$ cat input.txt   # compact mmCIF, C-alpha atoms
# COMPACT_ATOMS: atom_id res chain seq x y z
CA MET A 6 -48.89 -20.15 -1.27
CA MET A 7 -46.90 -16.98 -0.90
CA GLU A 8 -48.78 -14.32 1.01
CA MET A 9 -50.04 -11.74 -1.44
CA SER A 10 -49.98 -9.01 1.19
CA GLU A 11 -46.26 -9.50 1.71
CA LYS A 12 -44.56 -6.13 1.66
CA ILE A 13 -41.33 -5.61 -0.20
CA ASP A 14 -38.70 -3.43 1.42
CA LEU A 15 -37.30 -1.19 -1.32
CA ASP A 16 -34.25 -0.28 0.78
CA GLN A 17 -32.73 -3.73 0.34
CA PHE A 18 -32.25 -3.06 -3.38
CA ASP A 19 -29.79 -0.51 -4.70
CA LYS A 20 -31.47 2.74 -5.67
CA GLU A 21 -29.53 3.28 -8.88
CA GLU A 22 -31.18 2.21 -12.15
CA PHE A 23 -28.93 1.09 -14.97
CA LEU A 24 -31.71 0.18 -17.37
CA GLY A 25 -33.36 3.06 -19.11
CA PRO A 26 -37.08 3.37 -19.74
CA SER A 27 -38.65 2.71 -23.12
CA LEU A 28 -37.13 -0.71 -23.76
CA LYS A 29 -38.65 -2.41 -26.78
CA SER A 30 -39.85 -5.49 -24.93
CA CYS A 31 -43.33 -6.98 -25.30
CA PRO A 32 -45.79 -5.92 -22.57
CA GLY A 33 -45.39 -8.39 -19.72
CA CYS A 34 -41.86 -9.49 -20.66
CA SER A 35 -39.82 -10.65 -17.68
CA ALA A 36 -36.36 -10.43 -19.29
CA THR A 37 -36.17 -6.75 -18.32
CA ILE A 38 -36.92 -7.63 -14.67
CA VAL A 39 -33.97 -10.07 -14.74
CA ALA A 40 -31.63 -7.50 -16.31
CA ARG A 41 -32.78 -4.65 -14.05
CA PHE A 42 -32.15 -6.55 -10.81
CA ALA A 43 -28.95 -8.17 -12.07
CA LEU A 44 -27.44 -4.76 -12.81
CA LYS A 45 -28.77 -3.25 -9.56
CA ALA A 46 -26.98 -5.99 -7.61
CA LEU A 47 -23.71 -5.85 -9.53
CA GLY A 48 -23.36 -2.07 -9.51
CA LYS A 49 -21.77 0.36 -11.92
CA ASP A 50 -18.34 -1.31 -12.23
CA THR A 51 -19.79 -3.90 -14.55
CA ILE A 52 -19.44 -4.76 -18.21
CA VAL A 53 -22.38 -6.63 -19.71
CA ILE A 54 -22.01 -9.12 -22.55
CA ILE A 55 -25.23 -10.17 -24.24
CA PRO A 56 -25.22 -12.74 -27.03
CA ALA A 57 -28.11 -12.83 -29.49
CA SER A 58 -31.35 -13.08 -27.53
CA CYS A 59 -34.52 -11.09 -26.96
CA LEU A 60 -32.61 -9.02 -24.40
CA ALA A 61 -30.01 -8.04 -27.00
CA THR A 62 -32.62 -6.69 -29.37
CA LEU A 63 -34.71 -4.89 -26.79
CA LEU A 64 -31.76 -3.19 -25.08
CA ALA A 65 -30.35 -1.64 -28.22
CA THR A 66 -32.19 -0.46 -31.27
CA ASN A 67 -30.29 1.14 -34.12
CA THR A 68 -27.80 3.63 -32.64
CA GLN A 69 -29.31 3.90 -29.18
CA THR A 70 -29.05 1.63 -26.17
CA GLY A 71 -31.24 1.41 -23.12
CA ILE A 72 -28.41 0.55 -20.76
CA LYS A 73 -26.23 3.02 -18.87
CA ILE A 74 -23.13 0.85 -18.42
CA PRO A 75 -20.79 -0.66 -21.06
CA TYR A 76 -22.61 -3.27 -23.07
CA LEU A 77 -21.13 -5.54 -25.72
CA HIS A 78 -23.31 -7.50 -28.11
CA ALA A 79 -21.63 -10.85 -28.79
CA LEU A 80 -22.40 -13.46 -31.40
CA PHE A 81 -24.82 -16.21 -30.42
CA GLU A 82 -22.31 -18.97 -29.80
CA CYS A 83 -19.58 -17.01 -28.04
CA GLY A 84 -21.08 -15.06 -25.15
CA SER A 85 -18.82 -16.67 -22.57
CA SER A 86 -15.67 -16.52 -24.70
CA THR A 87 -16.25 -12.79 -25.32
CA ALA A 88 -16.68 -12.32 -21.58
CA THR A 89 -13.43 -14.24 -20.99
CA GLY A 90 -11.60 -11.90 -23.37
CA VAL A 91 -13.06 -8.78 -21.77
CA LYS A 92 -12.16 -10.00 -18.27
CA HIS A 93 -8.56 -10.77 -19.29
CA ALA A 94 -8.23 -7.34 -20.92
CA MET A 95 -9.49 -5.72 -17.72
CA MET A 96 -7.02 -7.74 -15.64
CA ARG A 97 -4.18 -6.68 -17.95
CA LYS A 98 -5.22 -3.06 -17.41
CA GLY A 99 -5.17 -3.58 -13.65
CA LYS A 100 -8.94 -3.23 -13.25
CA GLU A 101 -9.52 -6.52 -11.47
CA ASN A 102 -12.58 -5.31 -9.57
CA VAL A 103 -14.66 -4.93 -12.75
CA ASN A 104 -17.47 -7.50 -12.87
CA VAL A 105 -17.90 -9.08 -16.26
CA VAL A 106 -21.35 -10.58 -16.64
CA THR A 107 -22.97 -12.46 -19.50
CA ILE A 108 -26.76 -12.34 -19.62
CA ALA A 109 -27.86 -14.95 -22.13
CA GLY A 110 -31.08 -16.71 -22.97
CA ASP A 111 -31.53 -20.44 -22.66
CA SER A 112 -30.48 -21.07 -26.27
CA GLY A 113 -27.45 -18.85 -25.84
CA SER A 114 -26.48 -20.79 -22.71
CA MET A 115 -27.56 -24.37 -23.15
CA ASP A 116 -27.75 -24.98 -26.90
CA ILE A 117 -25.92 -22.68 -29.26
CA GLY A 118 -23.74 -21.07 -26.61
CA PHE A 119 -23.01 -24.25 -24.71
CA GLN A 120 -19.48 -24.99 -25.89
CA ALA A 121 -18.27 -21.50 -24.98
CA LEU A 122 -20.08 -21.66 -21.63
CA SER A 123 -18.73 -25.09 -20.79
CA GLY A 124 -15.22 -24.07 -21.83
CA ALA A 125 -15.27 -20.92 -19.68
CA ALA A 126 -16.68 -22.89 -16.73
CA ILE A 127 -14.06 -25.62 -16.90
CA ARG A 128 -11.28 -22.99 -17.05
CA ASN A 129 -12.98 -21.36 -14.04
CA GLU A 130 -12.81 -17.89 -15.57
CA ASP A 131 -13.68 -15.05 -13.19
CA ILE A 132 -17.01 -14.15 -14.82
CA ILE A 133 -20.72 -14.35 -13.96
CA HIS A 134 -23.17 -16.05 -16.31
CA ILE A 135 -26.88 -15.33 -15.90
CA CYS A 136 -29.17 -17.50 -17.99
CA TYR A 137 -32.74 -16.21 -18.26
CA ASP A 138 -34.76 -19.24 -19.16
CA ASN A 139 -37.94 -18.67 -21.18
CA GLU A 140 -37.91 -22.31 -22.27
CA SER A 141 -37.82 -21.72 -26.04
CA ALA A 142 -35.79 -19.93 -28.74
CA MET A 143 -38.08 -16.95 -28.37
CA ASN A 144 -36.17 -14.36 -30.38
CA THR A 145 -36.83 -16.34 -33.56
CA GLY A 146 -40.44 -17.26 -32.83
CA GLY A 147 -40.51 -19.72 -29.95
CA GLN A 148 -38.86 -22.76 -31.54
CA LEU A 149 -38.04 -25.80 -29.48
CA ASN A 150 -34.73 -26.05 -27.66
CA SER A 151 -33.32 -28.34 -25.03
CA CYS A 152 -34.76 -26.23 -22.18
CA THR A 153 -38.35 -26.59 -23.45
CA PRO A 154 -40.26 -28.69 -20.91
CA PHE A 155 -42.02 -31.98 -21.55
CA GLY A 156 -45.40 -31.53 -23.26
CA ALA A 157 -44.97 -27.92 -24.39
CA ARG A 158 -46.19 -27.09 -27.88
CA THR A 159 -43.81 -25.16 -30.13
CA PRO A 160 -44.07 -24.14 -33.82
CA ASP A 161 -41.74 -26.99 -34.76
CA TRP A 162 -43.34 -29.63 -32.51
CA PRO A 163 -47.06 -28.74 -32.63
CA LEU A 164 -48.25 -31.83 -30.78
CA GLY A 165 -46.08 -31.12 -27.75
CA LYS A 166 -42.49 -32.04 -26.94
CA ARG A 167 -42.01 -35.68 -25.97
CA LEU A 168 -38.54 -35.17 -24.50
CA MET A 169 -37.52 -33.94 -21.09
CA LYS A 170 -36.11 -30.52 -20.18
CA LYS A 171 -32.35 -30.34 -19.80
CA ASP A 172 -31.28 -29.96 -16.18
CA ALA A 173 -29.03 -26.97 -16.85
CA PRO A 174 -27.97 -26.05 -13.26
CA SER A 175 -26.90 -29.66 -12.55
CA ILE A 176 -24.81 -29.72 -15.73
CA MET A 177 -23.10 -26.51 -14.63
CA ALA A 178 -22.61 -27.87 -11.08
CA ALA A 179 -20.87 -30.89 -12.61
CA HIS A 180 -18.18 -28.50 -13.89
CA ASN A 181 -17.16 -28.03 -10.22
CA ILE A 182 -17.50 -24.25 -10.35
CA PRO A 183 -17.67 -22.30 -7.08
CA TYR A 184 -21.26 -21.08 -7.37
CA VAL A 185 -24.40 -22.34 -9.12
CA ALA A 186 -27.87 -21.06 -8.27
CA THR A 187 -31.42 -21.11 -9.59
CA ALA A 188 -33.84 -18.22 -9.18
CA SER A 189 -37.25 -17.04 -10.29
CA ILE A 190 -38.46 -13.56 -11.15
CA SER A 191 -41.32 -13.99 -8.68
CA HIS A 192 -38.90 -14.31 -5.75
CA LEU A 193 -36.84 -11.17 -6.31
CA GLU A 194 -35.33 -10.94 -2.82
CA ASP A 195 -33.96 -14.45 -3.22
CA PHE A 196 -32.61 -13.64 -6.71
CA TYR A 197 -31.01 -10.41 -5.47
CA MET A 198 -29.39 -12.14 -2.49
CA LYS A 199 -27.89 -14.77 -4.81
CA LEU A 200 -26.50 -12.09 -7.13
CA LYS A 201 -24.92 -10.23 -4.20
CA LYS A 202 -23.38 -13.48 -3.02
CA ALA A 203 -22.10 -14.34 -6.50
CA LYS A 204 -20.53 -10.89 -6.80
CA LYS A 205 -18.23 -11.60 -3.83
CA ILE A 206 -17.06 -15.03 -5.05
CA LYS A 207 -14.05 -15.44 -7.36
CA GLY A 208 -14.29 -17.84 -10.27
CA PHE A 209 -17.08 -18.91 -12.60
CA ARG A 210 -20.57 -18.23 -11.24
CA TYR A 211 -23.75 -19.44 -12.90
CA ILE A 212 -27.30 -18.28 -12.11
CA HIS A 213 -30.31 -19.79 -13.90
CA VAL A 214 -33.46 -17.64 -13.70
CA LEU A 215 -36.93 -18.78 -14.72
CA SER A 216 -38.33 -15.98 -16.86
CA PRO A 217 -41.83 -16.59 -18.30
CA CYS A 218 -42.64 -15.33 -21.79
CA PRO A 219 -46.29 -14.40 -22.53
CA ILE A 220 -45.95 -14.89 -26.29
CA SER A 221 -44.33 -18.31 -26.35
CA TRP A 222 -46.07 -19.75 -23.29
CA GLY A 223 -49.46 -18.49 -24.39
CA TYR A 224 -50.96 -16.44 -21.56
CA ASP A 225 -51.95 -12.83 -20.98
CA GLY A 226 -48.92 -10.69 -20.10
CA ARG A 227 -50.47 -9.68 -16.79
CA TYR A 228 -49.88 -13.17 -15.30
CA THR A 229 -46.09 -13.21 -15.82
CA VAL A 230 -45.18 -12.95 -12.14
CA GLU A 231 -48.05 -15.18 -11.04
CA ILE A 232 -46.96 -17.98 -13.42
CA ALA A 233 -43.36 -17.77 -12.23
CA ARG A 234 -44.63 -17.96 -8.63
CA LYS A 235 -46.81 -20.99 -9.44
CA ALA A 236 -43.81 -22.77 -10.99
CA VAL A 237 -41.99 -22.37 -7.67
CA GLU A 238 -44.99 -23.13 -5.45
CA SER A 239 -45.81 -26.32 -7.39
CA GLY A 240 -42.26 -27.57 -6.86
CA LEU A 241 -41.58 -27.77 -10.59
CA TRP A 242 -38.90 -25.08 -10.27
CA MET A 243 -36.64 -25.52 -7.23
CA LEU A 244 -34.84 -22.51 -5.78
CA TYR A 245 -31.42 -23.59 -4.56
CA GLU A 246 -27.75 -22.76 -4.62
CA ILE A 247 -24.69 -24.99 -4.79
CA GLU A 248 -21.74 -23.27 -3.17
CA ASN A 249 -18.43 -25.14 -3.46
CA GLY A 250 -20.30 -28.40 -3.88
CA SER A 251 -22.68 -28.03 -0.93
CA PHE A 252 -26.38 -27.96 -1.83
CA ASN A 253 -28.64 -25.50 -0.06
CA LEU A 254 -32.37 -25.10 -0.70
CA THR A 255 -33.18 -21.39 -0.35
CA TYR A 256 -36.97 -21.55 -0.56
CA LYS A 257 -39.30 -24.39 0.31
CA PRO A 258 -43.00 -24.09 -0.54
CA GLU A 259 -45.03 -24.73 2.62
CA ARG A 260 -47.54 -26.87 0.75
CA ARG A 261 -46.92 -27.71 -2.88
CA ILE A 262 -49.83 -26.83 -5.20
CA PRO A 263 -50.72 -29.35 -7.97
CA VAL A 264 -48.58 -28.83 -11.09
CA GLU A 265 -51.72 -28.83 -13.19
CA GLU A 266 -52.62 -25.44 -11.71
CA TYR A 267 -49.41 -24.11 -13.30
CA LEU A 268 -49.64 -26.08 -16.56
CA ARG A 269 -53.27 -25.27 -17.37
CA MET A 270 -52.68 -21.51 -17.22
CA GLN A 271 -50.64 -21.72 -20.41
CA ARG A 272 -51.85 -22.41 -23.94
CA ARG A 273 -48.59 -24.19 -24.83
CA PHE A 274 -49.79 -27.14 -22.73
CA ASP A 275 -53.13 -27.42 -24.58
CA THR A 276 -52.07 -30.68 -26.18
CA LEU A 277 -50.89 -32.15 -22.88
CA THR A 278 -53.22 -34.99 -21.87
CA ASP A 279 -54.29 -35.63 -18.27
CA ASP A 280 -52.10 -38.74 -18.22
CA ASP A 281 -49.09 -36.66 -19.19
CA ALA A 282 -49.94 -34.05 -16.54
CA ARG A 283 -49.97 -36.87 -13.96
CA LYS A 284 -46.58 -37.98 -15.28
CA VAL A 285 -45.20 -34.46 -14.71
CA GLN A 286 -46.66 -34.51 -11.17
CA GLU A 287 -44.93 -37.86 -10.51
CA ILE A 288 -41.61 -36.47 -11.73
CA VAL A 289 -41.98 -33.50 -9.34
CA ASN A 290 -42.93 -35.77 -6.43
CA GLU A 291 -39.94 -37.99 -7.16
CA LEU A 292 -37.64 -34.93 -7.31
CA TRP A 293 -38.76 -33.71 -3.87
CA ARG A 294 -38.70 -37.22 -2.39
CA ARG A 295 -35.07 -37.54 -3.53
CA TYR A 296 -34.30 -34.13 -2.05
CA GLU A 297 -35.91 -34.97 1.30
CA GLU A 298 -33.92 -38.18 1.55
CA MET B 3 -1.62 1.86 -30.26
CA SER B 4 -1.67 5.61 -29.66
CA ASN B 5 -3.12 6.52 -33.06
CA LEU B 6 -6.33 4.51 -32.50
CA PRO B 7 -9.36 6.80 -32.09
CA SER B 8 -10.86 7.14 -28.63
CA VAL B 9 -14.43 6.02 -27.93
CA GLU B 10 -15.68 9.64 -28.13
CA GLU B 11 -14.25 10.07 -31.64
CA LEU B 12 -15.89 6.96 -33.11
CA PRO B 13 -18.92 7.56 -35.37
CA GLU B 14 -22.35 6.87 -33.91
CA ALA B 15 -22.92 3.85 -36.15
CA ILE B 16 -20.15 1.95 -34.35
CA ILE B 17 -20.76 2.99 -30.74
CA ALA B 18 -24.41 3.14 -29.72
CA ARG B 19 -25.11 5.52 -26.86
CA PHE B 20 -27.75 5.58 -24.15
CA GLY B 21 -30.86 7.19 -25.56
CA THR B 22 -33.89 4.94 -25.94
CA GLN B 23 -35.84 7.22 -23.58
CA LYS B 24 -36.52 9.60 -26.48
CA ALA B 25 -38.90 7.09 -28.07
CA LYS B 26 -41.90 6.75 -25.76
CA THR B 27 -43.45 3.30 -25.47
CA GLY B 28 -46.51 4.69 -23.67
CA ASN B 29 -48.34 4.80 -26.99
CA TRP B 30 -48.35 0.98 -27.18
CA ARG B 31 -50.97 1.00 -24.42
CA THR B 32 -54.55 0.08 -25.26
CA ASN B 33 -55.94 0.77 -21.78
CA GLU B 34 -55.87 3.44 -19.09
CA ILE B 35 -54.26 2.54 -15.78
CA GLU B 36 -54.65 4.56 -12.61
CA ILE B 37 -53.50 4.16 -8.99
CA ASP B 38 -56.09 4.81 -6.27
CA GLN B 39 -53.94 6.66 -3.70
CA ASP B 40 -56.42 6.06 -0.85
CA LYS B 41 -56.30 2.27 -1.14
CA CYS B 42 -52.52 2.02 -1.66
CA ASP B 43 -50.60 0.80 1.40
CA PHE B 44 -47.06 1.09 -0.07
CA CYS B 45 -46.25 -2.61 -0.26
CA MET B 46 -44.07 -1.69 -3.25
CA ARG B 47 -44.94 -4.88 -5.13
CA CYS B 48 -45.94 -2.95 -8.26
CA VAL B 49 -42.72 -0.92 -8.16
CA VAL B 50 -40.40 -3.93 -8.20
CA PHE B 51 -42.40 -6.10 -10.58
CA CYS B 52 -43.05 -3.45 -13.24
CA PRO B 53 -41.01 -4.69 -16.24
CA ASP B 54 -40.58 -1.15 -17.54
CA GLY B 55 -39.77 0.56 -14.25
CA ALA B 56 -42.68 2.88 -14.94
CA ILE B 57 -43.94 3.18 -11.35
CA LYS B 58 -41.91 5.63 -9.26
CA VAL B 59 -42.05 6.86 -5.68
CA SER B 60 -42.30 10.65 -5.50
CA GLU B 61 -43.42 12.89 -2.62
CA GLY B 62 -44.70 9.94 -0.62
CA LYS B 63 -46.93 8.73 -3.44
CA LEU B 64 -46.63 6.10 -6.14
CA LYS B 65 -46.76 7.70 -9.57
CA MET B 66 -47.31 5.93 -12.86
CA ASP B 67 -45.10 7.19 -15.67
CA LEU B 68 -47.60 7.04 -18.52
CA ASP B 69 -44.95 7.99 -21.08
CA TYR B 70 -43.44 4.53 -20.71
CA CYS B 71 -46.16 2.26 -19.24
CA LYS B 72 -47.06 -0.38 -21.86
CA GLY B 73 -50.23 -1.41 -20.05
CA CYS B 74 -49.23 -5.01 -19.32
CA CYS B 75 -51.23 -4.98 -16.03
CA ILE B 76 -48.70 -6.97 -13.96
CA CYS B 77 -49.16 -4.27 -11.29
CA ILE B 78 -52.91 -4.95 -11.15
CA GLU B 79 -52.36 -8.68 -10.62
CA GLU B 80 -49.69 -8.12 -7.98
CA CYS B 81 -51.54 -5.45 -5.98
CA PRO B 82 -52.92 -7.06 -2.77
CA LYS B 83 -55.26 -4.09 -2.13
CA ASN B 84 -56.77 -3.84 -5.63
CA ALA B 85 -55.68 -0.22 -5.68
CA ILE B 86 -54.86 -0.11 -9.39
CA LYS B 87 -57.69 0.19 -11.89
CA GLU B 88 -57.69 -0.60 -15.58
CA GLU B 89 -60.03 0.87 -18.16
CA ARG B 90 -59.99 -0.58 -21.67
CA LYS B 91 -59.92 1.97 -24.46
CA VAL B 92 -59.91 -0.53 -27.31
CA GLU B 93 -61.35 -4.04 -27.31
CA LEU B 94 -58.70 -6.50 -28.39
CA PRO B 95 -59.74 -9.39 -30.66
$ encode --input "input.txt" --output "structure tokens"
Amino acid sequence: MMEMSEKIDLDQFDKEEFLGPSLKSCPGCSATIVARFALKALGKDTIVIIPASCLATLLATNTQTGIKIPYLHALFECGSSTATGVKHAMMRKGKENVNVVTIAGDSGSMDIGFQALSGAAIRNEDIIHICYDNESAMNTGGQLNSCTPFGARTPDWPLGKRLMKKDAPSIMAAHNIPYVATASISHLEDFYMKLKKAKKIKGFRYIHVLSPCPISWGYDGRYTVEIARKAVESGLWMLYEIENGSFNLTYKPERRIPVEEYLRMQRRFDTLTDDDARKVQEIVNELWRRYEE
Amino acid sequence: MSNLPSVEELPEAIIARFGTQKAKTGNWRTNEIEIDQDKCDFCMRCVVFCPDGAIKVSEGKLKMDLDYCKGCCICIEECPKNAIKEERKVELP
């Protein structure tokens, strides 16, 4: 378990804030933590593209935005193609040092936005894609999507999903892009380091962040960071990076906690039987056994 | 190309500008949250994990910006010293 008394050195993060206060997110939402640290790491020479997602609605309401750098709201299915266009326009203007970043949800990356994402990745466009994964189509009420884990209850599958979660980072790594990483909002130093690293690399960079949602997952908003930490400590969510094809684990839990400790904190796993919980544990054990080999 | 309007000339309905700070989300809160300055040992966990960036460092102290704090209590869970106290104003169903 991560030491709770661990101090965080504020000096390692940039001082400047690009996200304004008073964002219209639910109390306990972690999408704003993802956006805040992503923009801190990338700095002010950045253009943000956000396709339809919770983040798009909470960053801009009516004629006001909560973001201090250029922000373009793209359609759901074309976040990455919009980013490609913006990057090419910037290159034509001679502003090659401008970072173009897409921050999309899991539906905007892995379901509805997948063809644009895959296309941009295979062309190796010089853009960064950050996927904040809350494991459901939360902006429309928490419907099931391909990133929803096994056993989770959603409005459109009330007895719990019987299919597996899509392994998004591996799919992106199979596109042979220079940088793929996973992160969690509970391990911010690790997330920040990966963003800083991605900023320096040329080509398509993909970062997948686990971002718990109190409404869809069914827990009190105060446990957001704790749940994200438990996902990492149980081994269910691996923190790694794949740089030019070489795999590197960036955080290894000293002693993995049982996955049930993570699953039983959330009401979406109410319909998950003990047998199914054991099945999830076996999948995690198998994953780590394969890694250790 | 030269007769296109510049960004500054476009009407507000097309270009949204930075300005959400005028609407204060502090009134979403159903509890009172306070930092006990004696117990705080500046681990800065509440500062980085606050989703609304409502905890700020000023004059060597951590200050809660109650205009924007939504009362989610992530800071209370993350505080290793139990230096942040919550008092419920309204009982939620």
$ residues_near_point --input "input.txt" --point "(-46.8, 8.5, -6.3)" --cutoff "12 Å" --atoms "all atoms listed in the file" --output "number ranges by chain"
B: 36-40, 42-44, 46, 48-49, 56-67
$ closest_residue --input "input.txt" --among "B:Thr32, B:Asn84, B:Thr27, B:Asn5" --to "chain A" --atoms "all atoms listed in the file"
B:Thr27
$ atom_distance --input "input.txt" --atom1 "CA of Pro174 in chain A" --atom2 "CA of Gly90 in chain A"
23.9 Å
$ residues_around --input "input.txt" --residues "range 263-274 of chain A" --least-positions-apart "3" --cutoff "10 Å" --atoms "only C-alpha atoms" --output "compact mmCIF listing (two decimals) with C-alpha atoms, in the coordinates of the input"
# COMPACT_ATOMS: atom_id res chain seq x y z
CA PRO A 154 -40.26 -28.69 -20.91
CA PHE A 155 -42.02 -31.98 -21.55
CA GLY A 156 -45.40 -31.53 -23.26
CA ALA A 157 -44.97 -27.92 -24.39
CA ARG A 158 -46.19 -27.09 -27.88
CA THR A 159 -43.81 -25.16 -30.13
CA PRO A 163 -47.06 -28.74 -32.63
CA LEU A 164 -48.25 -31.83 -30.78
CA GLY A 165 -46.08 -31.12 -27.75
CA LYS A 166 -42.49 -32.04 -26.94
CA PRO A 219 -46.29 -14.40 -22.53
CA ILE A 220 -45.95 -14.89 -26.29
CA SER A 221 -44.33 -18.31 -26.35
CA TRP A 222 -46.07 -19.75 -23.29
CA GLY A 223 -49.46 -18.49 -24.39
CA TYR A 224 -50.96 -16.44 -21.56
CA ASP A 225 -51.95 -12.83 -20.98
CA TYR A 228 -49.88 -13.17 -15.30
CA GLU A 231 -48.05 -15.18 -11.04
CA ILE A 232 -46.96 -17.98 -13.42
CA ALA A 233 -43.36 -17.77 -12.23
CA ARG A 234 -44.63 -17.96 -8.63
CA LYS A 235 -46.81 -20.99 -9.44
CA ALA A 236 -43.81 -22.77 -10.99
CA VAL A 237 -41.99 -22.37 -7.67
CA GLU A 238 -44.99 -23.13 -5.45
CA SER A 239 -45.81 -26.32 -7.39
CA GLY A 240 -42.26 -27.57 -6.86
CA LEU A 241 -41.58 -27.77 -10.59
CA ARG A 260 -47.54 -26.87 0.75
CA LEU A 277 -50.89 -32.15 -22.88
CA THR A 278 -53.22 -34.99 -21.87
CA ASP A 279 -54.29 -35.63 -18.27
CA ALA A 282 -49.94 -34.05 -16.54
CA ARG A 283 -49.97 -36.87 -13.96
CA VAL A 285 -45.20 -34.46 -14.71
CA GLN A 286 -46.66 -34.51 -11.17
CA GLU A 287 -44.93 -37.86 -10.51
CA VAL A 289 -41.98 -33.50 -9.34
$ interface_residues --input "input.txt" --of "chain B" --to "chain A" --cutoff "12 Å" --atoms "only C-alpha atoms" --output "PyMOL selection string"
chain B and resi 9+13-32+42-59+67-84+88+94
$ residues_around --input "input.txt" --residues "Glu130 in chain A" --least-positions-apart "3" --cutoff "10 Å" --atoms "all atoms listed in the file" --output "list of chain:residue names"
A:Ser85, A:Ser86, A:Ala88, A:Thr89, A:Gly90, A:Lys92, A:His93, A:Gly124, A:Ala125, A:Ala126, A:Ile127, A:Ile133, A:Ile182, A:Lys207, A:Gly208, A:Phe209, A:Arg210
$ write_last_selection --input "input.txt" --atoms "C-alpha atoms" --output "PDB file, in the coordinates of the input"
ATOM      1  CA  SER A  85     -18.820 -16.670 -22.570  1.00  0.00           C
ATOM      2  CA  SER A  86     -15.670 -16.520 -24.700  1.00  0.00           C
ATOM      3  CA  ALA A  88     -16.680 -12.320 -21.580  1.00  0.00           C
ATOM      4  CA  THR A  89     -13.430 -14.240 -20.990  1.00  0.00           C
ATOM      5  CA  GLY A  90     -11.600 -11.900 -23.370  1.00  0.00           C
ATOM      6  CA  LYS A  92     -12.160 -10.000 -18.270  1.00  0.00           C
ATOM      7  CA  HIS A  93      -8.560 -10.770 -19.290  1.00  0.00           C
ATOM      8  CA  GLY A 124     -15.220 -24.070 -21.830  1.00  0.00           C
ATOM      9  CA  ALA A 125     -15.270 -20.920 -19.680  1.00  0.00           C
ATOM     10  CA  ALA A 126     -16.680 -22.890 -16.730  1.00  0.00           C
ATOM     11  CA  ILE A 127     -14.060 -25.620 -16.900  1.00  0.00           C
ATOM     12  CA  ILE A 133     -20.720 -14.350 -13.960  1.00  0.00           C
ATOM     13  CA  ILE A 182     -17.500 -24.250 -10.350  1.00  0.00           C
ATOM     14  CA  LYS A 207     -14.050 -15.440  -7.360  1.00  0.00           C
ATOM     15  CA  GLY A 208     -14.290 -17.840 -10.270  1.00  0.00           C
ATOM     16  CA  PHE A 209     -17.080 -18.910 -12.600  1.00  0.00           C
ATOM     17  CA  ARG A 210     -20.570 -18.230 -11.240  1.00  0.00           C
TER      18      ARG A 210
END
$ atom_distance --input "input.txt" --atom1 "CA of Ile247 in chain A" --atom2 "CA of Glu297 in chain A"
16.2 Å
$ atom_distance --input "input.txt" --atom1 "CA of Ile55 in chain A" --atom2 "CA of Asn249 in chain A"
26.5 Å
$ closest_residue --input "input.txt" --among "A:Met177, A:Met96, A:Asp138, A:Thr153" --to "Phe119 in chain A" --atoms "all atoms listed in the file"
A:Met177
$ residues_around --input "input.txt" --residues "Asn150 in chain A" --least-positions-apart "4" --cutoff "9 Å" --atoms "all atoms listed in the file" --output "JSON, numbers by chain"
{"A": [111, 112, 115, 116, 140, 141, 142, 170]}
$ residues_around --input "input.txt" --residues "Glu248 in chain A" --least-positions-apart "2" --cutoff "6 Å" --atoms "all atoms listed in the file" --output "PyMOL selection string"
chain A and resi 183-184+250-251
$ build_atoms --input "input.txt" --residues "range 24-33 of chain B" --atoms "N, CA and C atoms" --output "CSV table (one decimal), in the frame of the given file"
chain,number,residue,atom,x,y,z
B,24,LYS,N,-35.9,8.6,-25.6
B,24,LYS,CA,-36.5,9.6,-26.5
B,24,LYS,C,-37.7,9.0,-27.2
B,25,ALA,N,-37.7,7.7,-27.5
B,25,ALA,CA,-38.9,7.1,-28.1
B,25,ALA,C,-39.8,6.6,-27.0
B,26,LYS,N,-41.0,7.1,-26.9
B,26,LYS,CA,-41.9,6.8,-25.8
B,26,LYS,C,-42.8,5.5,-26.1
B,27,THR,N,-42.7,4.5,-25.2
B,27,THR,CA,-43.4,3.3,-25.5
B,27,THR,C,-44.8,3.4,-24.9
B,28,GLY,N,-45.2,4.5,-24.3
B,28,GLY,CA,-46.5,4.7,-23.7
B,28,GLY,C,-47.6,4.6,-24.7
B,29,ASN,N,-47.3,4.9,-26.0
B,29,ASN,CA,-48.3,4.8,-27.0
B,29,ASN,C,-48.6,3.4,-27.5
B,30,TRP,N,-48.0,2.4,-26.9
B,30,TRP,CA,-48.4,1.0,-27.2
B,30,TRP,C,-49.6,0.6,-26.4
B,31,ARG,N,-49.9,1.4,-25.4
B,31,ARG,CA,-51.0,1.0,-24.4
B,31,ARG,C,-52.4,1.1,-25.1
B,32,THR,N,-53.2,0.1,-24.7
B,32,THR,CA,-54.6,0.1,-25.3
B,32,THR,C,-55.5,0.3,-24.1
B,33,ASN,N,-55.0,0.6,-22.9
B,33,ASN,CA,-55.9,0.8,-21.8
B,33,ASN,C,-55.4,1.9,-20.9
